[in-house]
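The structure under discussion appears below in the form of structure tokens.
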Protein chains: 4
Amino acid sequence: MAGRRTSTAEAGARTTPTSTRGMRTRAALVAAARVVFGRDGYVNARIIDISQEADVAAGSFYTYFNSKEEIFQAVFEEVQEEMLHPRMAETGVHADVVSAIEANNRAYLDVYRRNAPLMAVIEQVATVNDDFRAMRLKRSRAFTGRNARSITRLQRMGLADPALDPVIAARAISGMVSRLAYTTFVLDDPLPFEVLVATTTRLWLNALRIPDELPSTSDVVADTA
Amino acid sequence: MAGRRTSTAEAGARTTPTSTRGMRTRAALVAAARVVFGRDGYVNARIIDISQEADVAAGSFYTYFNSKEEIFQAVFEEVQEEMLHPRMAETGVHADVVSAIEANNRAYLDVYRRNAPLMAVIEQVATVNDDFRAMRLKRSRAFTGRNARSITRLQRMGLADPALDPVIAARAISGMVSRLAYTTFVLDDPLPFEVLVATTTRLWLNALRIPDELPSTSDVVADTA
Amino acid sequence: MAGRRTSTAEAGARTTPTSTRGMRTRAALVAAARVVFGRDGYVNARIIDISQEADVAAGSFYTYFNSKEEIFQAVFEEVQEEMLHPRMAETGVHADVVSAIEANNRAYLDVYRRNAPLMAVIEQVATVNDDFRAMRLKRSRAFTGRNARSITRLQRMGLADPALDPVIAARAISGMVSRLAYTTFVLDDPLPFEVLVATTTRLWLNALRIPDELPSTSDVVADTA
Amino acid sequence: MAGRRTSTAEAGARTTPTSTRGMRTRAALVAAARVVFGRDGYVNARIIDISQEADVAAGSFYTYFNSKEEIFQAVFEEVQEEMLHPRMAETGVHADVVSAIEANNRAYLDVYRRNAPLMAVIEQVATVNDDFRAMRLKRSRAFTGRNARSITRLQRMGLADPALDPVIAARAISGMVSRLAYTTFVLDDPLPFEVLVATTTRLWLNALRIPDELPSTSDVVADTA
DNA sequence: CATGAATGAGCCTTCATTCAT
DNA sequence: GATGAATGAAGGCTCATTCAT
């Protein structure tokens with residue numbers, strides 16, 4: 001009999017090796033991918049570039065990943081991790097809605113700024129790859145859902161414009177900030193960071209008609225996606 | 001020659017043909033490009049696909065265009081044209097700021113919805129191609145500039161929140177709407193159209209703190225980019 | 001949207017072009033494939049070798065065929081054609097069973113001899129590729145079926161050993177000749193052609209116990225697979 | 001180094017290890033090779049597959065063998081051993097030619113059946129590798145030579161058709177059986193075993209025109225290759 | 001102008017083989 | 001001896017672009 005492997009070897013999932021050397025090489029590849037993706041974008045990045053940047057042979061790439069898509073996945077997860085655990089101090093508990101929102105906006109904008117090239121790539125991939133588009137949409141929905149619930153709560157407390165549809169408002173406001181970050185840091189239309197924070201916060205509050213003077217609260221969650 | 005990384009496309013500019021047949025072929029190619037770009041995205045679209053969709057030989061493409069980039073340019077200009085001259089009746093003069101903004105949002109969202117696949121492509125291209133990114137930024141700035149001047153005017157008239165930086169506010173609010181359109185029509189997270197119009201308008205007014213009851217005015221221009 | 005062509009282009013069946021030039025190139029490729037397959041075997045033949053032998057660029061191969069398997073198919077069909085229409089005069093109507101069988105054996109052995117390298121390749125492919133193995137088995141069965149029916153007829157006429165299972169006997173005898181051809185012409189253990197013809201014919205007759213002196217008949221079909 | 005066209009494999013002959021561990025590893029590799037060759041065929045079998053099947057590191061393979069060819073050699077020798085010493089009781093001395101031939105056919109077919117996948121591989125290798133083709137031819141000739149001498153003897157005793165060329169007849173008849181075995185067990189066109197034995201025996205006798213009732217003899221050797 | 005076959009650079013992916021641990 | 005990650009040559013395939021008809 002012959003059969004079984006007429007062509008491709010079914011791309012058995014490359015396993016993360018336990019050996020120290022393997023871990024190091026894998027890490028080098030992911031780090032290199034960050035550089036290359038950030039520099040060339042997802043579409044123009046070549047496996048060869050990544051291997052070279054990582055100082056390994058072309059074939060070594062395939063010891064750890066099956067495709068560009070797969071290594072992007074790994075890079076993406078790293079960035080996600082950073083996004084979820086911003087390095088800023090100010091994400092703690094806040095005395096009032098205003099400073100909660102501001103802290104959140106600041107944190108988001110800061111991470112975005114620091115990872116601008118990769119954020120651009122993530123944006124691009126959502127545009128090119130169906131799987132990532134779906135993944136991205138799912139993540140957006142999660143964020144938006146939380147914000148929508150916050151808005152509903154504020155509306156019930158009489159603190160937010162009751163005429164607004166919470167879901168759309170949440171989506172719109174989140175989008176406002178992320179879009180602004182994109183324009184500013186990716187398309188590179190620079191603005192002073194603090195003005196950015198102040199204005200987004202102000203717009204956020206205005207948009208919901210949250211009164212300037214506010215009762216102390218920790219009812220608000222203001223995530224951005 | 002192959003070289004798919006950097007687009008070569010420097011050869012003698014293909015001229016717009018004088019003959020009727022030439023005009024027809026060129027038009028067929030642009031129309032085909034719309035279809036193919038809309039279906040496959042910019043990155044995945046192949047010259048061959050466009051030629052075939054246009055029922056034209058592969059080589060004929062180069063009679064009119066030097067590259068994918070160049071035919072995209074042509075498609076882009078067509079779409080721009082539509083965006084600037086929306087087919088909706090309501091873009092006339094408006095009695096008040098509110099209905100001016102609403103008409104504008106409605107018009108924008110409507111065009112976006114009708115051209116969703118191509119809007120997605122434009123988004124993708126901005127991501128892949130430096131020239132288009134620059135072009136896109138320039139267009140954004142023009143729109144934003146007008147909006148910023150409107151905001152300034154409203155602030156001077158005491159109708160808009162004076163605490164806002166007009167430029168950033170303009171950019172943020174425009175972005176809010178375009179982002180929402182993107183999510184809704186491209187990422188395909190559907191929402192009822194009228195609710196979309198009402199909510200964006202409301203958020204726009206809120207964000208600027210424009211009072212509900214307003215003096216008649218034609219002072220406001222609310223473009224979106 | 002993106003999608004559709006994330007990786008391979010679905011390998012649209014290469015069409016046989018109508019243009020003279022195209023026909024010529026395609027023919028050149030098939031002819032080259034005959035040479036290369038005959039020289040290197042199926043497994044060791046490279047697309048590049050075939051293209052070079054045909055004096056065309058590497059990529060041109062794919063204008064006409066999607067794979068080595070596909071061009072082999074084409075070569076195979078040509079050989080089949082020759083096998084079914086041997087160039088020998090003697091395949092006409094025969095006065096008796098003996099000369100019918102002899103003519104058949106002679107024709108078969110002659111074609112085999114002339115196409116020896118390709119017969120070897122066909123043998124090899126049946127060994128490597130499941131589709132061809134199936135194809136080969138099917139063809140064998142067809143041949144064998146006809147022979148089995150002839151044997152049954154001869155048995156009824158009292159001319160062939162009634163103790164034999166016609167199907168197995170047919171398969172065995174056909175195999176005997178094809179195997180001998182393989183050993184002689186492919187493994188290259190040379191024998192005088194006429195002795196080969198005489199002996200196979202004799203063995204064939206003996207095996208079925210067909211008497212030496214025979215009534216005139218055209219009842220026998222003796223194909224070999 | 002890669003070079004998959006011509007097997008390199010000239011490095012210093014790996015020695016049979018003296019240590020117990022070494023013996024065990026080597027044996028595991030050969031056993032694994034049997035499995036892998038039988039499953040994937042020679043061409044598609046990869047060194048990695050064999051190592052994995054043997055639960056041994058990829059590099060360990062080269063402690064014992066220089067190439068796929070070399071380990072195949074080892075497997076082949078094992079199979080040869082079995083072919084030469086069939087496990088059937090009936091290969092003893094026989095009262096008459098008929099039962100000698102029948103015993104021989106039965107034994108051959110039985111071994112073939114039990115080793116069908118490997119027989120297929122051996123067939124394939126003869127097709128791909130010149131060294132093995134030569135080896136195979138040599139073995140065939142040895143078998144055939146013995147059979148040819150038996151036929152000559154029978155002819156002299158007036159027991160076999162004197163019109164037959166003993167060498168070709170021997171080759172043809174041996175081929176008949178091996179071919180039948182190939183079709184039945186490898187191409188998988190199944191037939192009842194006993195019918196197979198009876199028919200091959202009958203055909204063998206018929207082909208040589210050995211009379212049904214025979215003097216006792218041990219003059220016949222009927223090997224098959 | 002149109003045609004469509006031919007070209008060939010470029011990137012991907014596999015896997016035999018080596019070698020430091 | 002065993003391990004398994006690293007290497008890199010080899011070949012497959014695609015598709016932008018050219019050019020003879």
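FYI, nothing fancy with the structure tokens labels: chains A, B, ... in order, residues from 1 per chain, ligands from 1 as they appear.
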*Nearby residues (only C-alpha atoms (C1' of nucleotides)) at most 9 Å from segment 48-55 of chain D, same-chain spacing under 3 positions excluded, as a PyMOL selection string*: (chain D and resi 25+27-37+45+58-61) or (chain E and resi 15)
Near segment 5-11 of chain F, counting only C-alpha atoms (C1' of nucleotides), which residues have an atom at most 10 Å away, once you skip same-chain residues fewer than 5 positions from it, shown as a PDB file with C-alpha atoms (C1' of nucleotides), in the first residue's frame?
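The result, written out as around.pdb:
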ATOM      1  CA  PRO A  17       9.348  22.124  23.392  1.00  0.00           C
ATOM      2  CA  SER A  19      14.012  22.097  26.441  1.00  0.00           C
ATOM      3  CA  ARG A  21      17.114  25.838  24.015  1.00  0.00           C
ATOM      4  CA  GLY A  22      13.809  25.268  22.318  1.00  0.00           C
ATOM      5  CA  THR A  25      14.435  29.830  20.014  1.00  0.00           C
ATOM      6  CA  VAL A  56      17.771  31.033  12.933  1.00  0.00           C
ATOM      7  CA  ALA A  57      17.623  29.027   9.735  1.00  0.00           C
ATOM      8  CA  ALA A  58      14.577  29.319   7.532  1.00  0.00           C
ATOM      9  CA  GLY A  59      13.461  25.819   8.336  1.00  0.00           C
ATOM     10  CA  SER A  60      13.617  26.343  12.072  1.00  0.00           C
ATOM     11  CA  THR A  63       9.769  23.677  14.314  1.00  0.00           C
TER      12      THR A  63
ATOM     13  CA  ARG C  46      10.838  16.809 -11.122  1.00  0.00           C
ATOM     14  CA  ILE C  47       8.547  19.389 -12.625  1.00  0.00           C
ATOM     15  CA  ILE C  48      11.618  21.428 -13.429  1.00  0.00           C
TER      16      ILE C  48
ATOM     17  CA  MET D   1      22.598  18.668   3.620  1.00  0.00           C
ATOM     18  CA  ALA D   2      19.375  17.563   2.007  1.00  0.00           C
ATOM     19  CA  GLY D   3      19.590  16.216  -1.557  1.00  0.00           C
ATOM     20  CA  ARG D   4      16.728  13.865  -1.858  1.00  0.00           C
ATOM     21  CA  ARG D   5      17.307  12.721  -5.400  1.00  0.00           C
TER      22      ARG D   5
ATOM     23  C1'  DT E  13       7.658  24.164   3.074  1.00  0.00           C
ATOM     24  C1'  DT E  14       9.763  19.643   3.799  1.00  0.00           C
ATOM     25  C1'  DT E  17      21.417  14.968   8.297  1.00  0.00           C
ATOM     26  C1'  DT E  18      24.430  16.971  11.843  1.00  0.00           C
ATOM     27  C1'  DC E  19      26.029  18.038  16.388  1.00  0.00           C
ATOM     28  C1'  DA E  20      26.139  20.172  20.976  1.00  0.00           C
TER      29       DA E  20
END
*alpha helix (DSSP H) residues, from DSSP on the backbone, in chain A, as a PyMOL selection string*: chain A and resi 20-44+47-53+61-64+68-84+97-114+116-128+130-156+166-181+193-208
*Would you list which chain A residues are within 9 Å of chain B using only C-alpha atoms, as a ChimeraX atom specification?*
/A:40-44,120-121,123-128,133-134,137,161,163-165,168-169,171-180,183,187-189,191,195-196,198-200,202-209
Once you count only C-alpha atoms (C1' of nucleotides), what closest atom pair and distance in Å to one decimal does each residue of chain E within 8 Å of chain C have, with rows by chain and rising residue number, as CSV?
residue,atom,partner,partner_atom,distance
E:DA5,C1',C:Gly22,CA,6.6
E:DA6,C1',C:Ser60,CA,6.5
E:DT7,C1',C:Ala57,CA,6.1
E:DG8,C1',C:Ala57,CA,7.2
Within 12 Å of Glu77 of chain C, counting only C-alpha atoms (C1' of nucleotides), which residues qualify if same-chain residues fewer than 5 places away don't, as a short mmCIF file (atom, residue, chain, number, x, y, z; two decimals) with C-alpha atoms, in the first residue's frame?
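Output below, filename out20.cif:
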data_model
loop_
_atom_site.label_atom_id
_atom_site.label_comp_id
_atom_site.auth_asym_id
_atom_site.auth_seq_id
_atom_site.Cartn_x
_atom_site.Cartn_y
_atom_site.Cartn_z
CA VAL C 30 3.75 15.74 -22.52
CA ARG C 34 7.51 10.81 -21.43
CA GLU C 70 -1.86 15.30 -13.72
CA ILE C 71 0.75 15.26 -16.45
CA PHE C 72 1.36 11.62 -15.76
CA GLU C 82 -1.06 2.80 -28.10
CA MET C 83 -1.73 -0.32 -26.11
CA LEU C 84 -5.27 -0.48 -27.40
CA LEU C 118 7.04 3.88 -19.58
CA ILE C 122 3.20 2.86 -14.89
CA PHE C 132 -3.63 5.08 -10.22
CA MET C 135 -7.37 2.80 -12.20
CA ARG C 136 -4.97 0.04 -12.94
#
